[in-house]
Amino acid sequence: MDLFDLDEAASRSDKAVSNAKRIAELEKLIVKYQKSYYNGEGEISDAEFDSLWDELKLLDPQNPILHKVGADSGNFEKASHVMPMGSQEKAANPEQFLSWAQKHKYDEYLVEYKLDGASLELQYNGGILVRAVTRGDGSTGDVITANALKMGGVKKELYDADGKLSGFTGGVRGEVIMKRSVHKKYFSDKANCRNAANGLMKRKDGSGSEHLTLIAYDVWATQGEQPYKDEEEKLAWLKKYGFNTVVLKICSNADQVIEYRAKVMEERKNLDYDIDGLVIKERAVNHEDALRARPDRQIAFKFSLEEAVSVVRKVEWNESGATYTPVAVFDAVDLNGTSVQRASLANPNTIAALGLQIGSHVIVVKRGEIIPKIESVVPQEDKAEKTFPVELPVKCETCGSTLVNEGTRLYCPNKSCSKRILHQLLKWVSVADIRDLGDTLVRSLFADKVLNSISDIYKLDEAVLKPYFLGQESLGNEKESLGAKKVALSIQSHRKLSLAKFIAGFDIEGIGETVVEKLLDAGYDTLEKLFAASQEEIAGVYGFAKVMAQILVQGLLENKDEMEFLVKSGTIEVEQGIKQGSLTGKSFCFTGELTTMKRADAQTLVKQKGGSVKTSVVKGLSYLVTNDTSSGSSKNVKAAQLGIPVINEQEFLALIG
């Protein structure tokens with residue numbers, strides 16, 4: 001075994017230890033929160049619990065915890081269920097649901113509200129209730145019959161509309177909920193309706209159960225034939241015997257399910273009870289599947305704290321250099337604890353693809369560490385609500401040129417537009433890290449026509465800069481300016497740049513340092529090679545596409561003369577070719593705060609030693625660097641999933657020497 005094999009083996013060993021530690025933590029947390037939930041003392045939200053569950057599922061898909069249901073307290077007599085009461089598969093977003101639907105192609109999708117309460121099974125013999133059993137561990141639960149008989153919607157005897165007693169023997173399953181109006185009036189001290197309902201239904205003296213309601217959604221006969229042919233008839237049978245039932249919607253395809261979910265997300269605020277998603281089934285009753293610990297033929301399509309419905313009130317256009325970027329402004333919504341009311345729409349094509357108008361009801365998402373985004377427009381049935389088309393700017397507000405709308409980009413084509421020039425100057429100063437040449441000074445020099453190009457920056461000396469630091473009297477007395485001297489020295493000390501920084505400094509739309517590094521890795525590691533590359537060749541580089549390749553080629557052509565002048569005149573020394581060093585071939589992603597240096601400085605160190613920096617956790621990444629290595633953040637979870645070592649700051653410092 002050679003040295004590299006040993007390193008790889010050590011890495012695998014470290015990863016296995018790290019994973020095992022995290023799995024053990026997740027098992028303890030899930031068991032703890034399951035227990036508190038089933039005993040009516042829920043400590044965290046469903047979304048937070050689902051996050052822990054999903055992380056464990058990624059790290060250890062066969063973990064036995066994932067196939068258990070939490071247990072009730074030991075305060076009641078126990079009884080077995082007539083129907084299995086296991087957990088469901090979950091989809092947290094449309095992508096996950098569509099993935100499930102690809103494997104479960106039904107002629108129709110029967111969609112029911114997923115109630116946010118506590119499961120209860122009513123067991124009947126000859127139409128007479130004999131016991132009510134909580135969910136428990138999925139096969140055995142607490143008998144709370146006396147409490148259940150006080151609840152709204154629980155039928156002691158099953159009579160049809162003609163007053164005839166049913167001979168039904170079997171189980172009826174439903175969800176015990178507390179209505180929002182009841183919670184507000186009597187139990188506002190409880191965190192939410194679900195917690196309040198769980199607590200009341202488990203009281204030994206039964207007090208408070210009269211404030212609860214059962215909504216039914218399942219039934220199974222243990223004697224004779226089933227009193228229905230399919231899932232729709234099942235709900236009709238429950239209604240026939242006076243049960244409250246879940247709302248049912250029949251969709252003909254998966255896309256309709258997603259549209260309906262968006263509609264329900266908006267409507268649920270007007271319901272008098274909580275729902276936390278939808279349950280999607282096939283029409284046929286599949287009892288064999290229902291007997292599984294985790295049925296495969298149905299799925300819970302959940303709502304999330306990271307998505308909400310809002311109304312677009314206007315679209316603003318942000319000007320950044322040459323590009324005009326649309327930003328939707330909507331009614332403020334809470335996403336995962338943050339109030340959000342703006343989201344980028346990227347370009348005119350995005351607006352058209354969404355069918356977005358002013359007044360549109362939209363789904364806004366903020367998943368993981370991603371910035372807010374409008375995912376889709378909710379179809380509106382109320383025609384009284386007026387919507388208006390989004391108006392696109394036609395003229396550049398600075399130079400008056402007619403804007404070019406390529407769909408993927410709306411921009412000012414005038415290279416001499418003063419707004420574009422100023423933005424490029426500021427970008428260069430930022431990328432070249434000339435910190436003493438501040439924004440205010442750059443703007444003043446530009447306004448006075450002292451700066452008109454990147455080349456002009458390197459013509460600045462103490463004499464030119466003095467008037468911007470000294471008053472007329474001091475200038476008359478020929479005083480020195482320490483500020484002017486400091487800026488001049490700072491400019492001269494930033495003449496050496498990597499090729500990635502050099503290209504990024506020219507402010508080509510969407511072409512930052514990390515993007516250029518992908519080109520260098522692909523072999524385009526000199527200025528000459530970049531100039532010679534065609535749009536088709538650039539589009540073939542990993543991380544690029546037709547649009548970005550077109551923008552880069554166009555940007556290089558526009559700036560070619562000045563780029564060549566800066567290099568050939570010796571004004572800028574560009575480090576070209578693949579840099580070799582102790583970190584050559586290794587890549588790093590940083591997340592969270594560092595204590596010994598700024599993140600930008602750590603990234604610079606990596607590049608100086610021949611390594612590369614990634615902005616996200618991707619396959620092939622060498623290390624994720626974070627000072628919270630046991631965090632459940634999306635980057636940590638993905639690193640664990642891909643088998644990427646997670647190291648802290650001290651370990652990183654040791655690596656770079």
# chains A, B, ... in the order shown; residues from 1 in each chain; ligands from 1

call {"tool": "residues_around", "arguments": {"residues": "stretch 612-621 of chain A", "least_positions_apart": "3", "cutoff": "12 Å", "atoms": "only C-alpha atoms", "output": "PyMOL selection string"}}
result
chain A and resi 368-370+500+512-518+520-521+543+578-591+599-609+624-625+633-646

call {"tool": "closest_atom_pairs", "arguments": {"of": "stretch 176-266 of chain A", "to": "stretch 89-107 of chain A", "cutoff": "12 Å", "atoms": "only C-alpha atoms", "output": "tab-separated table"}}
result
residue	atom	partner	partner_atom	distance
A:Ile250	CA	A:Asp107	CA	10.4
A:Cys251	CA	A:Asp107	CA	9.0
A:Ser252	CA	A:Asp107	CA	6.5
A:Asn253	CA	A:Asp107	CA	7.5
A:Ala254	CA	A:Ala101	CA	6.5
A:Asp255	CA	A:Leu98	CA	8.2
A:Gln256	CA	A:Leu98	CA	11.2
A:Val257	CA	A:Phe97	CA	9.3
A:Ile258	CA	A:Pro94	CA	6.5
A:Glu259	CA	A:Pro94	CA	9.8
A:Tyr260	CA	A:Pro94	CA	11.5
A:Arg261	CA	A:Pro94	CA	9.3
A:Ala262	CA	A:Pro94	CA	10.1

call {"tool": "write_last_selection", "arguments": {"atoms": "C-alpha atoms", "output": "PDB file, in the first residue's frame"}}
result
ATOM      1  CA  ILE A 250     -58.547  14.184  -7.038  1.00  0.00           C
ATOM      2  CA  CYS A 251     -55.686  15.140  -9.371  1.00  0.00           C
ATOM      3  CA  SER A 252     -54.978  13.577 -12.741  1.00  0.00           C
ATOM      4  CA  ASN A 253     -51.187  14.002 -12.635  1.00  0.00           C
ATOM      5  CA  ALA A 254     -48.268  14.933 -10.393  1.00  0.00           C
ATOM      6  CA  ASP A 255     -48.081  18.532 -11.645  1.00  0.00           C
ATOM      7  CA  GLN A 256     -51.691  19.072 -10.596  1.00  0.00           C
ATOM      8  CA  VAL A 257     -50.783  17.806  -7.128  1.00  0.00           C
ATOM      9  CA  ILE A 258     -48.027  20.416  -6.895  1.00  0.00           C
ATOM     10  CA  GLU A 259     -50.412  23.169  -8.055  1.00  0.00           C
ATOM     11  CA  TYR A 260     -53.013  22.057  -5.519  1.00  0.00           C
ATOM     12  CA  ARG A 261     -50.408  22.041  -2.752  1.00  0.00           C
ATOM     13  CA  ALA A 262     -49.541  25.655  -3.596  1.00  0.00           C
TER      14      ALA A 262
END

call {"tool": "closest_residue", "arguments": {"among": "A:Ala236, A:Ser481, A:Lys598, A:Lys459", "to": "A:Leu566", "atoms": "only C-alpha atoms"}}
result
A:Lys459

call {"tool": "closest_residue", "arguments": {"among": "A:Trp317, A:Leu335, A:Ile457, A:Leu345", "to": "A:Glu391", "atoms": "only C-alpha atoms"}}
result
A:Trp317

call {"tool": "residues_around", "arguments": {"residues": "A:Val143", "least_positions_apart": "6", "cutoff": "10 Å", "atoms": "only C-alpha atoms", "output": "VMD selection string"}}
result
chain A and resid 75 to 80 120 to 122 131 to 136 202

call {"tool": "write_last_selection", "arguments": {"atoms": "N, CA and C atoms", "output": "short mmCIF file (atom, residue, chain, number, x, y, z; two decimals), in the first residue's frame"}}
result
data_model
loop_
_atom_site.label_atom_id
_atom_site.label_comp_id
_atom_site.auth_asym_id
_atom_site.auth_seq_id
_atom_site.Cartn_x
_atom_site.Cartn_y
_atom_site.Cartn_z
N ASN A 75 -49.19 5.42 31.55
CA ASN A 75 -50.28 5.79 32.46
C ASN A 75 -51.60 5.11 32.14
N PHE A 76 -51.71 4.39 31.01
CA PHE A 76 -52.99 3.82 30.60
C PHE A 76 -52.84 2.33 30.28
N GLU A 77 -53.98 1.66 30.26
CA GLU A 77 -54.02 0.27 29.79
C GLU A 77 -53.60 0.25 28.32
N LYS A 78 -52.95 -0.83 27.90
CA LYS A 78 -52.49 -0.95 26.52
C LYS A 78 -53.42 -1.85 25.72
N ALA A 79 -53.46 -1.60 24.39
CA ALA A 79 -54.24 -2.46 23.49
C ALA A 79 -53.60 -2.42 22.11
N SER A 80 -53.76 -3.52 21.37
CA SER A 80 -53.22 -3.58 20.01
C SER A 80 -54.16 -2.89 19.03
N LEU A 120 -55.54 8.55 16.43
CA LEU A 120 -56.37 7.77 17.35
C LEU A 120 -57.15 6.74 16.54
N GLU A 121 -57.23 5.53 17.07
CA GLU A 121 -58.01 4.48 16.43
C GLU A 121 -59.22 4.15 17.29
N LEU A 122 -60.40 4.19 16.66
CA LEU A 122 -61.65 3.81 17.33
C LEU A 122 -61.98 2.38 16.91
N ARG A 131 -63.38 0.49 22.29
CA ARG A 131 -62.19 1.16 22.85
C ARG A 131 -61.62 2.16 21.84
N ALA A 132 -60.89 3.13 22.39
CA ALA A 132 -60.16 4.11 21.57
C ALA A 132 -58.69 4.00 21.96
N VAL A 133 -57.81 3.81 20.96
CA VAL A 133 -56.40 3.50 21.22
C VAL A 133 -55.51 4.52 20.51
N THR A 134 -54.57 5.08 21.26
CA THR A 134 -53.63 6.03 20.67
C THR A 134 -52.61 5.32 19.80
N ARG A 135 -51.78 6.11 19.12
CA ARG A 135 -50.84 5.54 18.16
C ARG A 135 -49.76 4.68 18.82
N GLY A 136 -49.25 5.13 19.94
CA GLY A 136 -48.23 4.35 20.65
C GLY A 136 -47.01 4.06 19.82
N LYS A 202 -54.41 12.89 26.95
CA LYS A 202 -53.73 11.94 27.81
C LYS A 202 -53.98 12.18 29.31
#

call {"tool": "closest_residue", "arguments": {"among": "A:Lys386, A:Glu319, A:Gly171, A:Val219", "to": "A:Leu235", "atoms": "only C-alpha atoms"}}
result
A:Val219

call {"tool": "closest_residue", "arguments": {"among": "A:Ile491, A:Arg294, A:Val264, A:Glu288", "to": "A:Gln380", "atoms": "only C-alpha atoms"}}
result
A:Val264

call {"tool": "select_by_dssp", "arguments": {"residues": "stretch 577-650 of chain A", "states": "alpha helix (DSSP H)", "output": "ChimeraX atom specification"}}
result
/A:599-608,634-642,649-650

call {"tool": "closest_residue", "arguments": {"among": "A:Asp60, A:Asp230, A:Asp448, A:Asp561", "to": "A:His287", "atoms": "only C-alpha atoms"}}
result
A:Asp230

call {"tool": "residues_around", "arguments": {"residues": "stretch 321-324 of chain A", "least_positions_apart": "4", "cutoff": "6 Å", "atoms": "only C-alpha atoms", "output": "PyMOL selection string"}}
result
chain A and resi 317+410-412+420+423

call {"tool": "closest_residue", "arguments": {"among": "A:Val82, A:Leu291, A:Ala332, A:Leu653", "to": "A:Leu594", "atoms": "only C-alpha atoms"}}
result
A:Leu653

call {"tool": "atom_distance", "arguments": {"atom1": "atom CA of A:Cys396", "atom2": "atom CA of A:Cys417"}}
result
8.9 Å

call {"tool": "select_by_dssp", "arguments": {"residues": "stretch 62-227 of chain A", "states": "strand (DSSP E or B)", "output": "number ranges by chain"}}
result
A: 78-80, 89-91, 109-115, 118-125, 128-134, 140-143, 152, 157, 159, 165, 170-177, 213-221

call {"tool": "atom_distance", "arguments": {"atom1": "atom CA of A:Glu573", "atom2": "atom CA of A:Gly505"}}
result
13.8 Å

call {"tool": "residues_around", "arguments": {"residues": "A:Leu451", "least_positions_apart": "4", "cutoff": "10 Å", "atoms": "only C-alpha atoms", "output": "PyMOL selection string"}}
result
chain A and resi 421-422+425+442-447+455-460

call {"tool": "residues_around", "arguments": {"residues": "A:Thr213", "least_positions_apart": "2", "cutoff": "8 Å", "atoms": "only C-alpha atoms", "output": "VMD selection string"}}
result
chain A and resid 151 to 154 176 to 179 210 to 211 215

call {"tool": "atom_distance", "arguments": {"atom1": "atom CA of A:Arg495", "atom2": "atom CA of A:Lys427"}}
result
15.3 Å
